[in-house]
file query18.cif (mmCIF, C-alpha atoms)
data_run
loop_
_atom_site.label_atom_id
_atom_site.label_comp_id
_atom_site.auth_asym_id
_atom_site.auth_seq_id
_atom_site.Cartn_x
_atom_site.Cartn_y
_atom_site.Cartn_z
CA MET A 184 -53.44 35.91 169.26
CA HIS A 185 -51.66 32.55 169.58
CA ILE A 186 -50.40 32.72 173.17
CA PRO A 187 -47.16 30.73 173.57
CA ASP A 188 -46.02 28.53 176.49
CA GLY A 189 -44.75 30.24 179.61
CA PHE A 190 -47.04 33.27 179.42
CA LEU A 191 -50.03 32.15 181.47
CA ASP A 192 -50.70 31.27 185.08
CA LEU A 193 -51.82 27.75 185.96
CA PRO A 194 -55.34 28.68 187.23
CA ILE A 195 -56.16 30.43 183.92
CA ILE A 196 -54.77 27.52 181.90
CA ILE A 197 -56.77 24.95 183.89
CA THR A 198 -60.05 26.92 183.94
CA LEU A 199 -60.13 27.81 180.24
CA SER A 200 -58.82 24.41 179.14
CA VAL A 201 -61.70 22.75 181.00
CA VAL A 202 -64.18 25.15 179.32
CA SER A 203 -62.65 24.47 175.89
CA ALA A 204 -62.48 20.68 176.37
CA GLY A 205 -66.09 20.62 177.59
CA THR A 206 -67.24 22.67 174.60
CA ILE A 207 -65.31 20.44 172.17
CA PHE A 208 -67.03 17.38 173.70
CA TYR A 209 -70.49 18.98 173.49
CA ALA A 210 -69.89 20.38 169.98
CA SER A 211 -68.66 16.97 168.73
CA LYS A 212 -71.80 15.26 170.06
CA LYS A 213 -74.03 17.93 168.53
CA THR A 214 -72.25 17.98 165.15
CA ASP A 215 -72.11 14.19 164.92
CA LYS A 216 -75.90 14.02 164.57
CA TYR A 217 -75.89 16.22 161.48
CA ILE A 218 -72.59 15.18 159.93
CA GLY A 219 -72.96 14.07 156.35
CA GLU A 220 -71.02 13.68 153.13
CA LYS A 221 -71.69 17.31 152.24
CA ARG A 222 -70.71 18.78 155.59
CA ILE A 223 -67.38 16.95 155.99
CA PRO A 224 -65.70 18.30 152.78
CA LEU A 225 -67.00 21.78 153.58
CA MET A 226 -65.53 21.52 157.08
CA GLY A 227 -62.22 20.49 155.52
CA ILE A 228 -62.25 23.34 153.01
CA MET A 229 -63.11 25.86 155.73
CA ALA A 230 -60.32 24.49 157.93
CA ALA A 231 -57.87 24.88 155.03
CA PHE A 232 -59.16 28.43 154.40
CA ILE A 233 -58.77 29.38 158.08
CA PHE A 234 -55.29 27.85 158.20
CA ALA A 235 -54.27 29.84 155.11
CA VAL A 236 -55.75 33.20 156.19
CA GLN A 237 -54.18 32.90 159.64
CA MET A 238 -50.78 32.72 157.91
CA LEU A 239 -51.27 36.15 156.36
CA ASN A 240 -49.87 38.73 158.74
CA ILE A 241 -51.46 42.16 158.57
CA PRO A 242 -48.92 44.86 159.49
CA ILE A 243 -50.24 47.24 162.16
CA PRO A 244 -48.82 50.75 162.73
CA GLY A 245 -46.35 50.58 165.63
CA GLY A 246 -44.22 47.74 164.28
CA THR A 247 -46.43 44.80 165.18
CA SER A 248 -48.73 42.61 163.12
CA GLY A 249 -51.81 40.41 163.46
CA HIS A 250 -54.04 38.09 161.46
CA ILE A 251 -57.72 37.50 160.93
CA THR A 252 -59.24 34.32 162.44
CA GLY A 253 -61.99 33.34 159.98
CA ALA A 254 -64.09 32.16 162.96
CA LEU A 255 -67.29 34.04 162.13
CA LEU A 256 -67.24 32.97 158.48
CA VAL A 257 -67.18 29.27 159.34
CA ALA A 258 -69.76 29.79 162.13
CA ILE A 259 -72.22 31.50 159.74
CA LEU A 260 -71.67 28.90 157.01
CA LEU A 261 -71.81 25.72 159.11
CA GLY A 262 -73.21 26.83 162.44
CA PRO A 263 -71.59 27.91 165.72
CA PHE A 264 -70.68 24.48 167.14
CA THR A 265 -69.34 23.13 163.83
CA GLY A 266 -67.46 26.44 163.48
CA PHE A 267 -66.02 25.97 166.95
CA LEU A 268 -64.90 22.43 166.07
CA VAL A 269 -63.24 23.57 162.83
CA MET A 270 -61.44 26.38 164.67
CA SER A 271 -60.30 23.95 167.38
CA THR A 272 -58.98 21.48 164.77
CA VAL A 273 -56.94 24.22 163.06
CA LEU A 274 -55.58 25.49 166.39
CA ILE A 275 -54.63 21.96 167.53
CA LEU A 276 -52.85 21.36 164.20
CA GLN A 277 -51.02 24.71 164.39
CA CYS A 278 -49.92 23.97 167.93
CA LEU A 279 -48.86 20.32 167.58
CA ILE A 280 -47.20 20.46 164.17
CA PHE A 281 -46.00 24.05 163.78
CA GLN A 282 -45.46 25.16 167.42
CA GLU A 283 -47.79 28.09 166.80
CA GLY A 284 -49.24 28.83 170.21
CA GLY A 285 -48.07 26.86 173.24
CA LEU A 286 -49.23 23.38 174.15
CA THR A 287 -50.09 24.53 177.69
CA ALA A 288 -51.92 27.55 176.25
CA LEU A 289 -53.87 25.50 173.69
CA GLY A 290 -57.09 25.46 175.72
CA VAL A 291 -56.84 29.22 176.24
CA ASN A 292 -56.22 29.86 172.53
CA ILE A 293 -59.21 27.65 171.65
CA PHE A 294 -61.29 29.65 174.13
CA ASN A 295 -60.21 33.01 172.65
CA MET A 296 -60.49 32.20 168.95
CA GLY A 297 -63.02 29.36 168.98
CA PHE A 298 -65.32 30.04 171.89
CA ILE A 299 -65.38 33.84 171.65
CA GLY A 300 -64.60 34.02 167.91
CA ALA A 301 -67.02 31.39 166.58
CA LEU A 302 -69.66 30.88 169.30
CA GLY A 303 -69.61 34.48 170.59
CA GLY A 304 -69.38 35.92 167.08
CA TYR A 305 -72.35 33.85 165.90
CA LEU A 306 -74.41 34.91 168.94
CA ILE A 307 -73.66 38.59 168.19
CA TYR A 308 -74.51 38.01 164.50
CA ARG A 309 -77.88 36.39 165.32
CA THR A 310 -78.76 39.20 167.72
CA LEU A 311 -77.81 41.90 165.20
CA LYS A 312 -79.69 40.07 162.45
CA LYS A 313 -82.86 40.34 164.53
CA ILE A 314 -82.19 44.04 165.22
CA PHE A 315 -81.65 44.73 161.51
CA ARG A 316 -84.74 42.62 160.74
CA SER A 317 -82.96 40.59 158.13
CA GLY A 318 -85.10 37.76 156.76
CA LYS A 319 -84.42 34.03 157.21
CA GLY A 320 -81.81 32.68 154.79
CA LYS A 321 -80.60 36.19 153.99
CA ILE A 322 -77.22 37.61 154.89
CA SER A 323 -77.17 40.97 156.60
CA PRO A 324 -73.83 42.60 155.66
CA PRO A 325 -73.93 45.20 158.49
CA ALA A 326 -74.65 42.43 161.03
CA VAL A 327 -71.78 40.31 159.62
CA PHE A 328 -69.36 43.26 159.69
CA ILE A 329 -70.22 44.37 163.24
CA ALA A 330 -70.22 40.79 164.57
CA ALA A 331 -66.78 40.13 163.02
CA LEU A 332 -65.42 43.38 164.44
CA LEU A 333 -66.88 42.85 167.93
CA SER A 334 -65.92 39.18 168.21
CA THR A 335 -62.32 39.95 167.16
CA VAL A 336 -62.05 42.82 169.66
CA LEU A 337 -63.66 40.73 172.44
CA ALA A 338 -61.24 37.86 171.77
CA ALA A 339 -58.32 40.32 171.92
CA LEU A 340 -59.66 41.78 175.17
CA ALA A 341 -59.94 38.30 176.66
CA CYS A 342 -56.34 37.68 175.59
CA SER A 343 -55.13 40.88 177.28
CA ILE A 344 -57.07 40.05 180.49
CA GLU A 345 -55.47 36.57 180.57
CA LEU A 346 -51.98 38.02 179.98
CA SER A 347 -52.41 40.76 182.59
CA ILE A 348 -53.77 38.35 185.25
CA SER A 349 -50.68 36.23 184.57
CA GLY A 350 -48.48 39.29 185.12
CA ILE A 351 -47.09 39.50 181.59
CA PHE A 352 -48.56 42.93 180.83
CA PRO A 353 -50.32 45.66 182.81
CA PHE A 354 -53.99 45.43 181.85
CA LYS A 355 -54.54 49.04 180.76
CA ALA A 356 -51.59 49.22 178.36
CA SER A 357 -52.24 45.74 176.99
CA ALA A 358 -56.00 46.27 176.58
CA ILE A 359 -55.54 49.60 174.77
CA SER A 360 -52.92 48.30 172.32
CA MET A 361 -54.75 45.00 171.70
CA THR A 362 -58.16 46.67 171.25
CA LEU A 363 -56.83 49.32 168.88
CA ALA A 364 -54.87 46.84 166.78
CA HIS A 365 -57.69 44.30 166.69
CA SER A 366 -60.29 46.87 165.74
CA ILE A 367 -58.26 47.30 162.52
CA ILE A 368 -57.95 43.52 162.11
CA GLY A 369 -61.64 43.05 163.02
CA SER A 370 -62.67 45.57 160.36
CA ILE A 371 -60.61 43.69 157.76
CA GLU A 372 -62.13 40.41 158.99
CA GLY A 373 -65.60 41.97 158.66
CA VAL A 374 -65.01 43.10 155.07
CA ILE A 375 -63.51 39.72 154.04
CA THR A 376 -66.37 37.80 155.71
CA VAL A 377 -69.00 39.95 153.94
CA ILE A 378 -67.25 39.52 150.56
CA VAL A 379 -66.80 35.72 150.91
CA LEU A 380 -70.38 35.17 152.10
CA GLY A 381 -71.74 37.39 149.31
CA PHE A 382 -69.68 35.49 146.73
CA LEU A 383 -70.80 32.07 148.05
CA LYS A 384 -74.43 33.19 148.12
CA LYS A 385 -74.12 34.13 144.45
CA VAL A 386 -72.22 31.12 143.09
CA ARG A 387 -73.25 28.35 145.52
CA PRO A 388 -76.50 29.36 147.22
CA ASP A 389 -77.02 25.70 148.24
CA LEU A 390 -74.07 25.98 150.63
CA MET A 391 -75.86 28.72 152.53
CA GLU A 392 -78.77 26.39 153.18
CA ILE A 393 -76.77 23.77 155.08
CA GLU A 394 -78.24 23.26 158.54
CA LYS A 395 -76.47 25.46 161.08
CA VAL A 396 -75.34 23.35 164.01
CA MET B 249 -8.19 85.73 199.93
CA LYS B 250 -8.16 83.21 202.75
CA LYS B 251 -11.85 82.41 202.09
CA LEU B 252 -11.23 81.93 198.37
CA LEU B 253 -8.40 79.55 199.13
CA ILE B 254 -10.65 77.49 201.41
CA VAL B 255 -13.37 77.32 198.71
CA LEU B 256 -10.86 76.30 196.08
CA LEU B 257 -9.55 73.54 198.33
CA ILE B 258 -12.98 72.23 199.35
CA PHE B 259 -14.54 72.27 195.84
CA PRO B 260 -12.38 69.44 194.39
CA LEU B 261 -13.14 67.39 197.49
CA THR B 262 -16.87 67.50 196.73
CA LEU B 263 -16.18 65.63 193.50
CA ILE B 264 -15.23 62.59 195.57
CA TRP B 265 -18.90 62.14 196.49
CA GLY B 266 -20.08 62.52 192.89
CA HIS B 267 -20.88 59.36 190.83
CA GLY B 268 -18.33 58.62 188.19
CA VAL B 269 -19.42 56.55 185.19
CA ASN B 270 -17.04 54.23 183.43
CA HIS B 271 -17.71 52.28 180.30
CA GLU B 272 -16.23 49.41 178.46
CA VAL B 273 -16.94 48.36 174.90
CA SER B 274 -16.68 44.62 174.57
CA LYS B 275 -17.97 41.66 172.62
CA GLY B 276 -19.43 38.38 173.79
CA ALA B 277 -23.14 39.02 174.23
CA VAL B 278 -25.69 36.37 173.34
CA PHE B 279 -28.42 37.55 171.04
CA ILE B 280 -31.74 36.20 169.98
CA LYS B 281 -33.58 37.30 166.85
CA ILE B 282 -37.35 36.98 166.79
CA THR B 283 -39.29 37.03 163.52
CA TYR B 284 -42.82 36.19 162.48
CA ASP B 285 -43.17 33.18 160.19
CA ASP B 286 -43.15 35.43 157.10
CA GLY B 287 -39.72 36.74 158.12
CA THR B 288 -40.93 40.11 159.43
CA PRO B 289 -38.95 41.04 162.55
CA MET B 290 -40.85 41.25 165.84
CA SER B 291 -39.70 44.82 166.42
CA TYR B 292 -39.86 46.75 169.72
CA SER B 293 -41.44 43.84 171.59
CA GLU B 294 -41.19 43.42 175.34
CA VAL B 295 -38.53 40.99 176.57
CA ILE B 296 -38.01 39.51 180.03
CA LEU B 297 -34.88 37.47 180.70
CA PHE B 298 -34.67 34.99 183.57
CA SER B 299 -31.33 33.66 184.85
CA PRO B 300 -30.83 29.92 185.55
CA ASP B 301 -31.05 30.26 189.35
CA LYS B 302 -33.90 32.76 189.59
CA GLN B 303 -36.73 31.85 187.23
CA ASP B 304 -39.31 33.97 189.03
CA VAL B 305 -37.52 37.33 189.06
CA GLY B 306 -36.48 38.98 185.82
CA PHE B 307 -32.68 39.31 185.40
CA GLN B 308 -33.14 41.83 182.61
CA GLN B 309 -36.10 43.57 181.06
CA GLY B 310 -36.11 45.39 177.76
CA ALA B 311 -37.30 45.34 174.20
CA THR B 312 -36.22 43.94 170.87
CA ASP B 313 -34.74 46.46 168.45
CA LYS B 314 -36.05 47.41 165.00
CA ASN B 315 -34.69 44.13 163.58
CA GLY B 316 -36.31 41.99 166.29
CA CYS B 317 -32.98 41.38 168.10
CA PHE B 318 -32.33 41.28 171.83
CA ALA B 319 -28.90 40.83 173.42
CA PHE B 320 -27.78 39.92 176.92
CA VAL B 321 -24.57 39.03 178.71
CA PRO B 322 -24.90 35.81 180.75
CA ASP B 323 -22.87 35.78 183.97
CA ARG B 324 -23.36 32.08 184.76
CA VAL B 325 -23.82 28.80 182.93
CA GLY B 326 -27.18 27.06 182.73
CA GLN B 327 -30.59 27.49 181.20
CA TRP B 328 -31.59 31.11 180.59
CA LYS B 329 -35.20 31.76 179.79
CA VAL B 330 -36.21 34.53 177.39
CA VAL B 331 -39.85 35.55 177.14
CA VAL B 332 -40.69 37.83 174.21
CA SER B 333 -44.16 39.24 173.64
CA ASP B 334 -45.35 41.64 170.96
CA GLY B 335 -48.31 42.75 173.08
CA MET B 336 -50.73 41.16 170.60
CA GLY B 337 -50.73 37.71 172.16
CA HIS B 338 -47.91 36.50 169.92
CA GLY B 339 -44.53 35.77 171.35
CA VAL B 340 -42.01 33.15 172.28
CA SER B 341 -40.70 31.63 175.48
CA GLU B 342 -37.31 30.11 174.70
CA ILE B 343 -34.73 28.36 176.87
CA ILE B 344 -31.15 29.22 175.89
CA GLU B 345 -28.52 26.79 177.17
CA ILE B 346 -25.26 28.56 178.05
CA ASP B 347 -22.31 26.15 178.32
CA GLU B 348 -19.01 26.33 180.28
CA GLY B 349 -17.38 28.55 177.68
CA PHE B 350 -20.34 30.98 177.92
CA ILE B 351 -21.36 29.98 174.43
CA PRO B 352 -25.05 29.48 173.67
CA ARG B 353 -26.25 26.23 172.20
CA ILE B 354 -27.61 27.50 168.93
CA SER B 355 -31.05 26.32 168.01
CA GLN B 356 -33.30 27.24 165.14
CA ARG B 357 -36.99 26.54 165.33
CA GLY B 358 -39.87 27.21 163.07
CA TRP B 359 -40.97 26.31 159.59
CA ASN B 360 -40.43 27.90 156.24
CA LYS B 361 -43.69 29.62 155.30
CA TRP B 362 -44.33 27.59 152.14
CA HIS B 363 -43.42 24.27 153.79
CA LYS B 364 -45.83 25.15 156.55
CA PHE B 365 -48.58 26.07 154.09
CA ILE B 366 -48.26 22.91 152.00
CA THR B 367 -47.91 20.61 155.04
CA GLY B 368 -50.86 22.22 156.83
CA ILE B 369 -53.23 22.13 153.87
CA SER B 370 -52.21 18.54 153.01
CA LEU B 371 -52.85 17.43 156.59
CA ILE B 372 -56.27 19.10 156.67
CA PHE B 373 -57.34 17.51 153.36
CA GLY B 374 -55.92 14.18 154.50
CA LEU B 375 -57.93 14.32 157.72
CA THR B 376 -61.05 15.31 155.77
CA GLY B 377 -60.54 12.31 153.48
CA LEU B 378 -60.16 10.03 156.50
CA ALA B 379 -63.35 11.43 158.03
CA LEU B 380 -65.22 10.75 154.78
CA ILE B 381 -63.90 7.17 154.61
CA PHE B 382 -65.01 6.50 158.19
CA LYS B 383 -68.40 8.05 157.51
CA ARG B 384 -68.91 5.81 154.44
CA LYS B 385 -67.80 2.72 156.38
CA LYS B 386 -70.30 3.57 159.12
CA LYS B 387 -73.04 3.90 156.50
CA VAL B 388 -72.18 0.58 154.83
CA ALA B 389 -72.03 -1.18 158.19
#
call {"tool": "encode", "arguments": {"input": "query18.cif", "output": "structure tokens"}}
result
Amino acid sequence: MHIPDGFLDLPIIITLSVVSAGTIFYASKKTDKYIGEKRIPLMGIMAAFIFAVQMLNIPIPGGTSGHITGALLVAILLGPFTGFLVMSTVLILQCLIFQEGGLTALGVNIFNMGFIGALGGYLIYRTLKKIFRSGKGKISPPAVFIAALLSTVLAALACSIELSISGIFPFKASAISMTLAHSIIGSIEGVITVIVLGFLKKVRPDLMEIEKV
Amino acid sequence: MKKLLIVLLIFPLTLIWGHGVNHEVSKGAVFIKITYDDGTPMSYSEVILFSPDKQDVGFQQGATDKNGCFAFVPDRVGQWKVVVSDGMGHGVSEIIEIDEGFIPRISQRGWNKWHKFITGISLIFGLTGLALIFKRKKKVA
């Protein structure tokens, strides 16, 4: 889902970069109030985890491959805006140092994986948690799984809309292939997120009680 | 008999209007190989090639083969642009410089997977350490 340079039209780049930059500014202000010596190392560890899992390519039938984003995991652990900031940091690092995703497409990639993945995913999770009537401080595995799946598919759909508006792919073909492939990736992301959260809840329940910003 | 003779004479003439197809096997194509960072080839991915003078209209459109390779024959010198997309949002947009002798300037980009992993993780932990130092300084001040 790391869109390279030369794929997107200027209006899409400008619009989504402004949205991403604005959200980074707001999220930084919001996170700064709660930042502490416990939150910073956890943000670093989560960034390292996301960087590592995004390097693992999952082969998809049809000859292509994809990777999980880790966005929902960090959003549930640290909160949606901190999650968004961690995702943005990883994406900026991947772009500037490793040429993964284009510099001109950076704002768009942050929008897809950070805004939709972390903020959107967390919103879906909170809504589902209420529907499943899961208590405060508890993790609802079905809500986590569905939120991971939906946020991954929505991010992929956004990516295919951006590519089709830019004339790279016809929308229908792109949306079908991206949605199908990312529903597999989203399911894997859901399972991994449930397992990691369950493990952390068992071994370090204090980490689950960090204020969600 | 006369009719048959006329038919036999006219029939070969109709071949003149048919399309003949010639072929030539040659070498000299430029090829680009696209792989993911773990070395897996980006197979059967869409490719659009733009010539140096027309960057808005595709000179050639096709797909990479099973091994992630795509070949083209440049007919002029300059900067050729190749856009490869796997349909999953991943891809590459690369400029290939073709010189006077129609030889591409060979470039290799990208990181070895383990170098990338170690560098990335080190940078993240380094930045985290810096953030902690600044936070402590703020507190002391």
call {"tool": "resolve_selection", "arguments": {"input": "query18.cif", "expression": "the PyMOL selection byres ((chain A and resi 277) around 12)", "output": "ChimeraX atom specification"}}
result
/A:185-187,230-231,233-235,237-238,270-276,278-286,289,292-293 /B:358-359,364-365,367-369,371-372
call {"tool": "residues_around", "arguments": {"input": "query18.cif", "residues": "Asp192 (chain A)", "least_positions_apart": "6", "cutoff": "10 Å", "atoms": "only C-alpha atoms", "output": "tab-separated table (two decimals) with C-alpha atoms, in the coordinates of the input"}}
result
chain	number	residue	atom	x	y	z
A	288	ALA	CA	-51.92	27.55	176.25
A	345	GLU	CA	-55.47	36.57	180.57
A	346	LEU	CA	-51.98	38.02	179.98
A	347	SER	CA	-52.41	40.76	182.59
A	348	ILE	CA	-53.77	38.35	185.25
A	349	SER	CA	-50.68	36.23	184.57
A	350	GLY	CA	-48.48	39.29	185.12
A	351	ILE	CA	-47.09	39.50	181.59
call {"tool": "atom_distance", "arguments": {"input": "query18.cif", "atom1": "CA of Gly303 (chain A)", "atom2": "CA of Ile367 (chain A)"}}
result
18.9 Å
call {"tool": "residues_around", "arguments": {"input": "query18.cif", "residues": "Gly304 (chain A)", "least_positions_apart": "3", "cutoff": "12 Å", "atoms": "all atoms listed in the file", "output": "MDAnalysis selection string"}}
result
chainID A and resid 252:259 262:264 266:267 295:301 307:311 326:338 369 372:373 376
call {"tool": "resolve_selection", "arguments": {"input": "query18.cif", "expression": "the PyMOL selection byres ((chain B and resi 284-290) around 6)", "output": "number ranges by chain"}}
result
B: 282-283, 291, 315-316
call {"tool": "residues_around", "arguments": {"input": "query18.cif", "residues": "Leu260 (chain A)", "least_positions_apart": "5", "cutoff": "12 Å", "atoms": "all atoms listed in the file", "output": "PDB file with C-alpha atoms, keeping the file's coordinate frame"}}
result
ATOM      1  CA  ARG A 222     -70.710  18.780 155.590  1.00  0.00           C
ATOM      2  CA  LEU A 225     -67.000  21.780 153.580  1.00  0.00           C
ATOM      3  CA  MET A 226     -65.530  21.520 157.080  1.00  0.00           C
ATOM      4  CA  ILE A 228     -62.250  23.340 153.010  1.00  0.00           C
ATOM      5  CA  MET A 229     -63.110  25.860 155.730  1.00  0.00           C
ATOM      6  CA  GLY A 253     -61.990  33.340 159.980  1.00  0.00           C
ATOM      7  CA  ALA A 254     -64.090  32.160 162.960  1.00  0.00           C
ATOM      8  CA  LEU A 255     -67.290  34.040 162.130  1.00  0.00           C
ATOM      9  CA  THR A 265     -69.340  23.130 163.830  1.00  0.00           C
ATOM     10  CA  GLY A 266     -67.460  26.440 163.480  1.00  0.00           C
ATOM     11  CA  PHE A 267     -66.020  25.970 166.950  1.00  0.00           C
ATOM     12  CA  VAL A 269     -63.240  23.570 162.830  1.00  0.00           C
ATOM     13  CA  ALA A 301     -67.020  31.390 166.580  1.00  0.00           C
ATOM     14  CA  TYR A 305     -72.350  33.850 165.900  1.00  0.00           C
ATOM     15  CA  GLY A 320     -81.810  32.680 154.790  1.00  0.00           C
ATOM     16  CA  LYS A 321     -80.600  36.190 153.990  1.00  0.00           C
ATOM     17  CA  ILE A 322     -77.220  37.610 154.890  1.00  0.00           C
ATOM     18  CA  VAL A 327     -71.780  40.310 159.620  1.00  0.00           C
ATOM     19  CA  THR A 376     -66.370  37.800 155.710  1.00  0.00           C
ATOM     20  CA  VAL A 377     -69.000  39.950 153.940  1.00  0.00           C
ATOM     21  CA  VAL A 379     -66.800  35.720 150.910  1.00  0.00           C
ATOM     22  CA  LEU A 380     -70.380  35.170 152.100  1.00  0.00           C
ATOM     23  CA  GLY A 381     -71.740  37.390 149.310  1.00  0.00           C
ATOM     24  CA  LEU A 383     -70.800  32.070 148.050  1.00  0.00           C
ATOM     25  CA  LYS A 384     -74.430  33.190 148.120  1.00  0.00           C
ATOM     26  CA  ARG A 387     -73.250  28.350 145.520  1.00  0.00           C
ATOM     27  CA  PRO A 388     -76.500  29.360 147.220  1.00  0.00           C
ATOM     28  CA  ASP A 389     -77.020  25.700 148.240  1.00  0.00           C
ATOM     29  CA  LEU A 390     -74.070  25.980 150.630  1.00  0.00           C
ATOM     30  CA  MET A 391     -75.860  28.720 152.530  1.00  0.00           C
ATOM     31  CA  GLU A 392     -78.770  26.390 153.180  1.00  0.00           C
ATOM     32  CA  ILE A 393     -76.770  23.770 155.080  1.00  0.00           C
ATOM     33  CA  GLU A 394     -78.240  23.260 158.540  1.00  0.00           C
ATOM     34  CA  LYS A 395     -76.470  25.460 161.080  1.00  0.00           C
ATOM     35  CA  VAL A 396     -75.340  23.350 164.010  1.00  0.00           C
TER      36      VAL A 396
END
call {"tool": "closest_atom_pairs", "arguments": {"input": "query18.cif", "of": "chain B", "to": "chain A", "cutoff": "6 Å", "atoms": "all atoms listed in the file", "output": "CSV"}}
result
residue,atom,partner,partner_atom,distance
B:Ser291,CA,A:Gly246,CA,5.8
B:Met336,CA,A:Met361,CA,5.7
B:Gly337,CA,A:Met184,CA,4.4
B:His338,CA,A:His185,CA,5.5
B:Val340,CA,A:Pro187,CA,5.8
B:Ser341,CA,A:Gly189,CA,5.9
B:Ile369,CA,A:Ala231,CA,5.5
B:Thr376,CA,A:Gly227,CA,5.3
call {"tool": "atom_distance", "arguments": {"input": "query18.cif", "atom1": "CA of Ile346 (chain B)", "atom2": "CA of Val325 (chain B)"}}
result
5.1 Å
call {"tool": "atom_distance", "arguments": {"input": "query18.cif", "atom1": "CA of Asp334 (chain B)", "atom2": "CA of Cys317 (chain B)"}}
result
12.7 Å
call {"tool": "residues_around", "arguments": {"input": "query18.cif", "residues": "Ala319 (chain B)", "least_positions_apart": "2", "cutoff": "9 Å", "atoms": "all atoms listed in the file", "output": "MDAnalysis selection string"}}
result
chainID B and resid 277:281 312 317 321
call {"tool": "axis_aligned_box", "arguments": {"input": "query18.cif", "around": "region 193-198 of chain A", "padding_each_side": "3 Å", "output": "AutoDock Vina command-line options"}}
result
--center_x -55.9 --center_y 27.7 --center_z 184.6 --size_x 14.2 --size_y 11.5 --size_z 11.3
call {"tool": "resolve_selection", "arguments": {"input": "query18.cif", "expression": "the PyMOL selection byres ((chain B and resi 331) around 7)", "output": "PyMOL selection string"}}
result
chain B and resi 295-297+329-330+332-333+340-342
call {"tool": "write_last_selection", "arguments": {"input": "query18.cif", "atoms": "C-alpha atoms", "output": "tab-separated table (two decimals), in the coordinates of the input"}}
result
chain	number	residue	atom	x	y	z
B	295	VAL	CA	-38.53	40.99	176.57
B	296	ILE	CA	-38.01	39.51	180.03
B	297	LEU	CA	-34.88	37.47	180.70
B	329	LYS	CA	-35.20	31.76	179.79
B	330	VAL	CA	-36.21	34.53	177.39
B	332	VAL	CA	-40.69	37.83	174.21
B	333	SER	CA	-44.16	39.24	173.64
B	340	VAL	CA	-42.01	33.15	172.28
B	341	SER	CA	-40.70	31.63	175.48
B	342	GLU	CA	-37.31	30.11	174.70
call {"tool": "closest_residue", "arguments": {"input": "query18.cif", "among": "B:Ile366, B:Gly339, B:Gly268, B:Arg324", "to": "Ser293 (chain B)", "atoms": "all atoms listed in the file"}}
result
B:Gly339
call {"tool": "residues_near_point", "arguments": {"input": "query18.cif", "point": "(-33.8, 27.9, 178.5)", "cutoff": "8 Å", "atoms": "all atoms listed in the file", "output": "VMD selection string"}}
result
chain B and resid 300 326 to 330 342 to 345
call {"tool": "decode", "arguments": {"input": "query18.cif", "residues": "region 185-213 of chain A", "atoms": "C-alpha atoms", "output": "compact mmCIF listing (two decimals), in the first residue's frame"}}
result
# COMPACT_ATOMS: atom_id res chain seq x y z
CA HIS A 185 3.05 2.28 -0.23
CA ILE A 186 2.20 4.33 -3.34
CA PRO A 187 5.37 5.41 -5.17
CA ASP A 188 6.14 8.73 -6.91
CA GLY A 189 4.60 9.36 -10.31
CA PHE A 190 1.35 7.49 -9.66
CA LEU A 191 -0.90 10.23 -8.33
CA ASP A 192 -2.44 13.40 -9.68
CA LEU A 193 -1.49 16.73 -8.11
CA PRO A 194 -4.98 17.59 -6.68
CA ILE A 195 -5.09 14.27 -4.76
CA ILE A 196 -1.54 14.74 -3.50
CA ILE A 197 -2.25 18.30 -2.31
CA THR A 198 -5.64 17.53 -0.71
CA LEU A 199 -4.58 14.43 1.22
CA SER A 200 -1.19 15.89 2.18
CA VAL A 201 -2.97 18.87 3.75
CA VAL A 202 -5.31 16.49 5.64
CA SER A 203 -2.35 14.39 6.84
CA ALA A 204 -0.21 17.40 7.82
CA GLY A 205 -3.14 18.95 9.70
CA THR A 206 -3.80 15.69 11.55
CA ILE A 207 -0.10 15.30 12.43
CA PHE A 208 -0.13 18.84 13.87
CA TYR A 209 -3.31 18.21 15.88
CA ALA A 210 -2.17 14.74 17.03
CA SER A 211 1.23 16.12 18.15
CA LYS A 212 -0.46 18.83 20.22
CA LYS A 213 -2.85 16.31 21.75
